[in-house]
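Visitor: I am attaching a structure below and will ask some questions about it afterwards.
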Amino acid sequence: MITTSEMTETDLSIFESLESEVRSYCRSFPTVFEKAKGYKLWDTQGTEYIDFFSGAGALNYGHNDPVMKKTLIDYLSGDGIVHSLDMATTAKEQFLKRFKEVILEPRNLDYKVMFPGPTGTNTVESALKLARKVTGRNTVISFTRAFHGMTLGSLSVTGNAFKRKGAGIPLSHTVSMPYDNYDDNVDSLTLLERYLEDEGSGIDLPAAIILETVQGEGGINVASSEWLKQVEQICRRWDILLIVDDVQAGCGRTGTFFSFEPAGIRPDLVCLSKSLSGFGVPFAVTLIRPDLDQWAPGEHNGTFRGHNLAFLSATEALRFWETDTFAQEIQRKGKKTRSSLEQMIGKHPDLNGEVRGRGLMLGIAFSGKGFAEKVCAEAFQRGLIMETSGPDGEVAKLLPPLIIDHEGLEKGLAILEESITETKKAL
């Protein structure tokens, strides 16, 4: 365990003097990181940290996976193509073939694969645009506390008031409805159907409904399988397209490759990014039901939609999904972690803690204002990196790499428990 007295002052002056005030995570983790491997990071002073943050969910397979790293090094050493717009390359060909063989076919899914650009907001933007193009309608329904990205289209379906205000202009053609269990007194889907049926509701028939099965930034809110199935039924009844944003909850984070698999639903469009590349290399895809692939060539494009290094590492990452073993390991670790979190809050009933999440996408919601933030700050001082989520930062959020071993998980959870106890003492 690291104590405050053992940590020497870190010089962050270059970042403070030159980098924009918009910088965020470096304020929560005030050190200069230099090296990372597996589920650990080290700073320039040699201090070791356990990573329960995973690049905000972009590092499900940990840092510097050796197989992916060797593949990238060999490719670069052989003068492989790095940038290619959307031209055909061997790296793209390999990814498409493997993604179909390992992910789509075993799940009996039929999607066309679009490369919209390198980030999560790129895939959401493309899905929204295509839904409106195909249906000829403008409105998109999203849900309370949703987070879908920071560009204007994805921001318009994001719930966070602080993020929305940053747009500087009205965010229109979207309607927010209550998420599952948002209000115990409101049946959200009955309300949604009533709005769709009522010509006086003020809501036009939407082009699409977009949702996260587990809301990451919104507070680790979990939609039940029953609720998700009902949303799908509403979409089919009203000829509305269903978009699942699996940017953070996908790629195994909740225990299956796609987070919607346990519900048995089939979205019309799926948004993937973050851990899709496997190595932390920017990469995103939009999965499109084939009959909806009505783009004209070049109608939606982007300079970095042909990131060949991402194709390579993403192809290697698919080896984790060739059998059910990895998914079973995630679910086992998730159950163990949830049990530990339940025990933690059981020791402190006065904190009114609530464990949320699925798989290894978990968190503890605290009722006390600022408590989760203080817990995460204390954890950092003790060598554990984790962040908060929720509209008021009320959730201490756990996103450990899916490859973390028993020792790392145990050590990280022990630090979290110590941090909760110490934070409570300081109140």
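Note on naming: chains are A, B, ... as they come in the structure tokens, residues start from 1 per chain, ligands start from 1 in the order shown.
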For stretch 294-305 of chain A, please output as a ChimeraX atom specification all residues within 6 Å (counting only C-alpha atoms; exclusion window: fewer than 3 positions along the same chain).

Guide: /A:85,115-117

Visitor: Take the residues from that selection and put them in a file with all heavy atoms, as a PDB file, in the first residue's frame.

Guide:
```pdb
ATOM      1  N   LEU A  85      -7.543   5.435 -45.564  1.00  0.00           N
ATOM      2  CA  LEU A  85      -8.933   5.858 -45.746  1.00  0.00           C
ATOM      3  C   LEU A  85      -9.813   4.599 -45.738  1.00  0.00           C
ATOM      4  O   LEU A  85      -9.693   3.789 -44.836  1.00  0.00           O
ATOM      5  CB  LEU A  85      -9.081   6.676 -47.020  1.00  0.00           C
ATOM      6  CG  LEU A  85      -8.348   8.021 -47.011  1.00  0.00           C
ATOM      7  CD1 LEU A  85      -8.269   8.614 -48.406  1.00  0.00           C
ATOM      8  CD2 LEU A  85      -9.012   8.993 -46.053  1.00  0.00           C
ATOM      9  N   PHE A 115     -17.176   1.348 -41.131  1.00  0.00           N
ATOM     10  CA  PHE A 115     -16.088   1.968 -40.389  1.00  0.00           C
ATOM     11  C   PHE A 115     -16.286   3.484 -40.448  1.00  0.00           C
ATOM     12  O   PHE A 115     -15.897   4.136 -41.419  1.00  0.00           O
ATOM     13  CB  PHE A 115     -14.736   1.562 -40.969  1.00  0.00           C
ATOM     14  CG  PHE A 115     -14.524   0.069 -40.992  1.00  0.00           C
ATOM     15  CD1 PHE A 115     -14.611  -0.645 -42.175  1.00  0.00           C
ATOM     16  CD2 PHE A 115     -14.264  -0.622 -39.819  1.00  0.00           C
ATOM     17  CE1 PHE A 115     -14.430  -2.026 -42.194  1.00  0.00           C
ATOM     18  CE2 PHE A 115     -14.084  -1.996 -39.826  1.00  0.00           C
ATOM     19  CZ  PHE A 115     -14.170  -2.707 -41.017  1.00  0.00           C
ATOM     20  N   PRO A 116     -16.903   4.069 -39.422  1.00  0.00           N
ATOM     21  CA  PRO A 116     -17.322   5.467 -39.497  1.00  0.00           C
ATOM     22  C   PRO A 116     -16.265   6.477 -39.081  1.00  0.00           C
ATOM     23  O   PRO A 116     -16.422   7.676 -39.297  1.00  0.00           O
ATOM     24  CB  PRO A 116     -18.479   5.504 -38.486  1.00  0.00           C
ATOM     25  CG  PRO A 116     -18.080   4.497 -37.462  1.00  0.00           C
ATOM     26  CD  PRO A 116     -17.351   3.415 -38.186  1.00  0.00           C
ATOM     27  N   GLY A 117     -15.191   6.034 -38.460  1.00  0.00           N
ATOM     28  CA  GLY A 117     -14.202   6.919 -37.862  1.00  0.00           C
ATOM     29  C   GLY A 117     -13.697   6.243 -36.603  1.00  0.00           C
ATOM     30  O   GLY A 117     -14.163   5.163 -36.239  1.00  0.00           O
TER      31      GLY A 117
END
```

Visitor: Determine which residues of stretch 10-190 of chain A DSSP labels as strand (DSSP E) from the backbone of this structure, then write them out as a PDB file with C-alpha atoms, in the first residue's frame.

Guide:
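Writing done, so here's out10.pdb:
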```pdb
ATOM      1  CA  PHE A  33       2.408   7.724 -16.097  1.00  0.00           C
ATOM      2  CA  GLU A  34       5.237   6.048 -17.969  1.00  0.00           C
ATOM      3  CA  LYS A  35       4.650   2.296 -18.293  1.00  0.00           C
ATOM      4  CA  ALA A  36       1.782  -0.189 -18.284  1.00  0.00           C
ATOM      5  CA  LYS A  37       1.421  -3.960 -18.453  1.00  0.00           C
ATOM      6  CA  LYS A  40      -0.884  -2.380 -13.733  1.00  0.00           C
ATOM      7  CA  LEU A  41       0.565   1.051 -14.465  1.00  0.00           C
ATOM      8  CA  TRP A  42       3.730   2.752 -13.225  1.00  0.00           C
ATOM      9  CA  ASP A  43       4.499   6.450 -13.060  1.00  0.00           C
ATOM     10  CA  GLU A  48       2.807   0.989  -9.087  1.00  0.00           C
ATOM     11  CA  TYR A  49      -0.958   1.266  -9.534  1.00  0.00           C
ATOM     12  CA  ILE A  50      -3.675  -1.338 -10.030  1.00  0.00           C
ATOM     13  CA  ASP A  51      -5.940  -0.273 -12.874  1.00  0.00           C
ATOM     14  CA  LYS A 112     -22.913  -5.152 -42.637  1.00  0.00           C
ATOM     15  CA  VAL A 113     -19.848  -3.545 -41.066  1.00  0.00           C
ATOM     16  CA  MET A 114     -19.297   0.199 -41.416  1.00  0.00           C
ATOM     17  CA  VAL A 140     -34.820  10.006 -32.004  1.00  0.00           C
ATOM     18  CA  ILE A 141     -35.865   8.777 -28.574  1.00  0.00           C
ATOM     19  CA  SER A 142     -33.162   8.322 -25.944  1.00  0.00           C
ATOM     20  CA  PHE A 143     -33.299   7.780 -22.195  1.00  0.00           C
ATOM     21  CA  THR A 174     -34.614  14.199 -29.747  1.00  0.00           C
ATOM     22  CA  VAL A 175     -36.897  13.186 -26.873  1.00  0.00           C
ATOM     23  CA  SER A 176     -35.724  11.753 -23.553  1.00  0.00           C
ATOM     24  CA  MET A 177     -37.861   9.086 -21.872  1.00  0.00           C
TER      25      MET A 177
END
```

Visitor: Identify, on the basis of only C-alpha atoms, every residue whose closest approach to A:Thr423 does not exceed 10 Å; exclude the query and any residue fewer than 2 positions from it along the same chain; express the result as a list in words.

Guide: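 So the residues in contact are Phe371, Ala372, Glu373, Lys374, Val375, Cys376, Ala377, Glu378, Ala379, Glu417, Glu418, Ser419, Ile420, Thr421, Lys425, Ala426 and Leu427 of chain A.
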
Visitor: Export, as a PDB file, in the first residue's frame, the selected residues with C-alpha atoms.

Guide:
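Contents of again.pdb, as written:
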```pdb
ATOM      1  CA  PHE A 371     -18.431  10.657  -1.038  1.00  0.00           C
ATOM      2  CA  ALA A 372     -17.665   8.533  -4.118  1.00  0.00           C
ATOM      3  CA  GLU A 373     -15.243  11.154  -5.398  1.00  0.00           C
ATOM      4  CA  LYS A 374     -13.399  11.158  -2.074  1.00  0.00           C
ATOM      5  CA  VAL A 375     -13.262   7.355  -2.075  1.00  0.00           C
ATOM      6  CA  CYS A 376     -11.671   7.352  -5.533  1.00  0.00           C
ATOM      7  CA  ALA A 377      -9.172  10.024  -4.478  1.00  0.00           C
ATOM      8  CA  GLU A 378      -8.224   7.989  -1.410  1.00  0.00           C
ATOM      9  CA  ALA A 379      -7.906   4.869  -3.566  1.00  0.00           C
ATOM     10  CA  GLU A 417     -12.512  -1.305   1.091  1.00  0.00           C
ATOM     11  CA  GLU A 418      -9.741   0.529   2.966  1.00  0.00           C
ATOM     12  CA  SER A 419     -10.544   3.692   1.024  1.00  0.00           C
ATOM     13  CA  ILE A 420     -14.233   3.541   1.940  1.00  0.00           C
ATOM     14  CA  THR A 421     -13.348   3.065   5.617  1.00  0.00           C
ATOM     15  CA  LYS A 425     -13.567   8.277   9.178  1.00  0.00           C
ATOM     16  CA  ALA A 426     -12.695  11.645   7.708  1.00  0.00           C
ATOM     17  CA  LEU A 427     -16.338  12.791   7.582  1.00  0.00           C
TER      18      LEU A 427
END
```

Visitor: By how many Å are atom CA of A:Ala91 and atom CA of A:Leu76 apart?

Guide: 12.0 Å

Visitor: Extract the full set of alpha helix (DSSP H) residues from stretch 71-169 of chain A according to DSSP on the backbone, and format it as number ranges by chain.

Guide: A: 71-77, 90-99, 120-135, 152-156, 161-165

Visitor: Which residues of stretch 364-394 of chain A come within 9 Å of stretch 341-359 of chain A, and for each one, what is the closest pair of atoms and their distance in Å to one decimal, counting only C-alpha atoms, sorted by chain and residue number, as a tab-separated table?

Guide:
```
residue	atom	partner	partner_atom	distance
A:Ile364	CA	A:Val355	CA	4.6
A:Ala365	CA	A:Glu354	CA	5.1
A:Phe366	CA	A:Gly353	CA	4.8
A:Ser367	CA	A:Asn352	CA	6.0
A:Gly368	CA	A:Leu351	CA	7.1
```

Visitor: Could those residues be written to a file, using N, CA, C and O atoms, as a short mmCIF file (atom, residue, chain, number, x, y, z; two decimals), in the first residue's frame?

Guide:
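Final output, saved to again_3.cif:
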```
data_model
loop_
_atom_site.label_atom_id
_atom_site.label_comp_id
_atom_site.auth_asym_id
_atom_site.auth_seq_id
_atom_site.Cartn_x
_atom_site.Cartn_y
_atom_site.Cartn_z
N ILE A 364 -20.47 1.16 -6.89
CA ILE A 364 -21.22 1.39 -5.66
C ILE A 364 -21.74 2.81 -5.70
O ILE A 364 -20.96 3.77 -5.80
N ALA A 365 -23.05 2.95 -5.61
CA ALA A 365 -23.68 4.28 -5.53
C ALA A 365 -23.81 4.66 -4.06
O ALA A 365 -24.32 3.89 -3.25
N PHE A 366 -23.31 5.86 -3.73
CA PHE A 366 -23.39 6.37 -2.36
C PHE A 366 -24.35 7.54 -2.30
O PHE A 366 -24.43 8.36 -3.23
N SER A 367 -25.09 7.64 -1.20
CA SER A 367 -26.06 8.72 -1.08
C SER A 367 -25.42 10.05 -0.69
O SER A 367 -25.94 11.11 -1.00
N GLY A 368 -24.29 10.00 0.01
CA GLY A 368 -23.64 11.23 0.47
C GLY A 368 -22.99 11.98 -0.68
O GLY A 368 -22.23 11.41 -1.46
#
```

Visitor: Find the residues around A:Leu72 up to 12 Å (only C-alpha atoms counted), leave out those fewer than 6 positions away in its own chain, and share them as a tab-separated table (two decimals) with C-alpha atoms, in the first residue's frame.

Guide:
```tsv
chain	number	residue	atom	x	y	z
A	64	ASN	CA	0.22	-4.11	-23.89
A	65	ASP	CA	-1.10	-7.59	-24.62
A	66	PRO	CA	2.05	-9.38	-25.85
A	78	GLY	CA	7.48	-4.82	-42.63
A	79	ASP	CA	6.29	-1.40	-43.82
A	80	GLY	CA	2.64	-2.39	-43.60
A	81	ILE	CA	0.05	0.23	-44.54
A	82	VAL	CA	-1.05	2.31	-41.56
A	91	ALA	CA	-5.43	-5.89	-42.52
A	277	SER	CA	-9.26	-2.64	-31.09
A	278	GLY	CA	-8.08	-4.66	-28.10
A	279	PHE	CA	-4.98	-2.53	-27.61
A	281	VAL	CA	-5.86	1.98	-30.51
A	308	ASN	CA	-4.93	-0.61	-40.17
A	309	LEU	CA	-3.14	-0.93	-36.83
A	310	ALA	CA	-6.57	-1.16	-35.20
A	311	PHE	CA	-7.66	-3.80	-37.72
A	312	LEU	CA	-4.65	-5.89	-36.74
A	313	SER	CA	-4.98	-5.67	-32.97
A	314	ALA	CA	-8.77	-6.10	-33.16
A	315	THR	CA	-8.30	-9.28	-35.18
A	316	GLU	CA	-5.91	-10.63	-32.55
```

Visitor: Please determine, counting only C-alpha atoms, which residue among A:Thr139, A:Ser28, A:Ser225, A:Gln45 has the shortest atom-to-atom distance to A:Asp11.

Guide: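 Of all the options, A:Gln45 lies closest to A:Asp11.
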
Visitor: Provide the atom CA of A:Asp324 to atom CA of A:Phe257 distance in Å, to one decimal place.

Guide: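 Calculated distance between atom CA of A:Asp324 and atom CA of A:Phe257 is 10.1 Å.
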
Visitor: What's around A:Ile169 at 12 Å? Count only C-alpha atoms, leave out sequence neighbours fewer than 5 positions away in its own chain, and write the answer as a list in words.

Guide: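 Counting only C-alpha atoms, the residues come to Thr151, Leu152, Gly153, Leu155, Ser156 and Arg164 of chain A.
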
Visitor: So which one's closest to A:Ile288, A:Val270, A:Ile203, A:Leu398, A:Leu191? Using only C-alpha atoms, please.

Guide: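 Among A:Val270, A:Ile203, A:Leu398, A:Leu191, it is A:Val270 that comes nearest to A:Ile288.
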
Visitor: Set the distance at 12 Å and use only C-alpha atoms: which residues neighbour A:Gly408 once local chain neighbours fewer than 5 positions away are removed? I'd like the list as a PyMOL selection string.

Guide: chain A and resi 38-40+49-52+333+337+383-384+400-403+413-415

Visitor: Could you state the separation of atom CA of A:Ala127 and atom CA of A:Asp239 in Å, given to one decimal place?

Guide: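 Spanning atom CA of A:Ala127 to atom CA of A:Asp239 is a straight-line distance of 16.1 Å.
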
Visitor: A:Lys100: which residues within 10 Å, counting only C-alpha atoms, same-chain residues fewer than 3 positions away excluded, as a list in words?

Guide: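 Here the qualifying residues turn out to be Phe95, Leu96, Lys97, Ile103, Leu104, Glu105, Pro106, Arg107, Asn108, Leu109, Asp110, Tyr111, Lys112 and Val113 of chain A.
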
Visitor: Which residue out of A:His63, A:Gly363, A:Gly306, A:Ile404 has the minimum interatomic distance to A:Ser84 when only C-alpha atoms are used?

Guide: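 For A:Ser84, the nearest of the given residues is A:Gly306.
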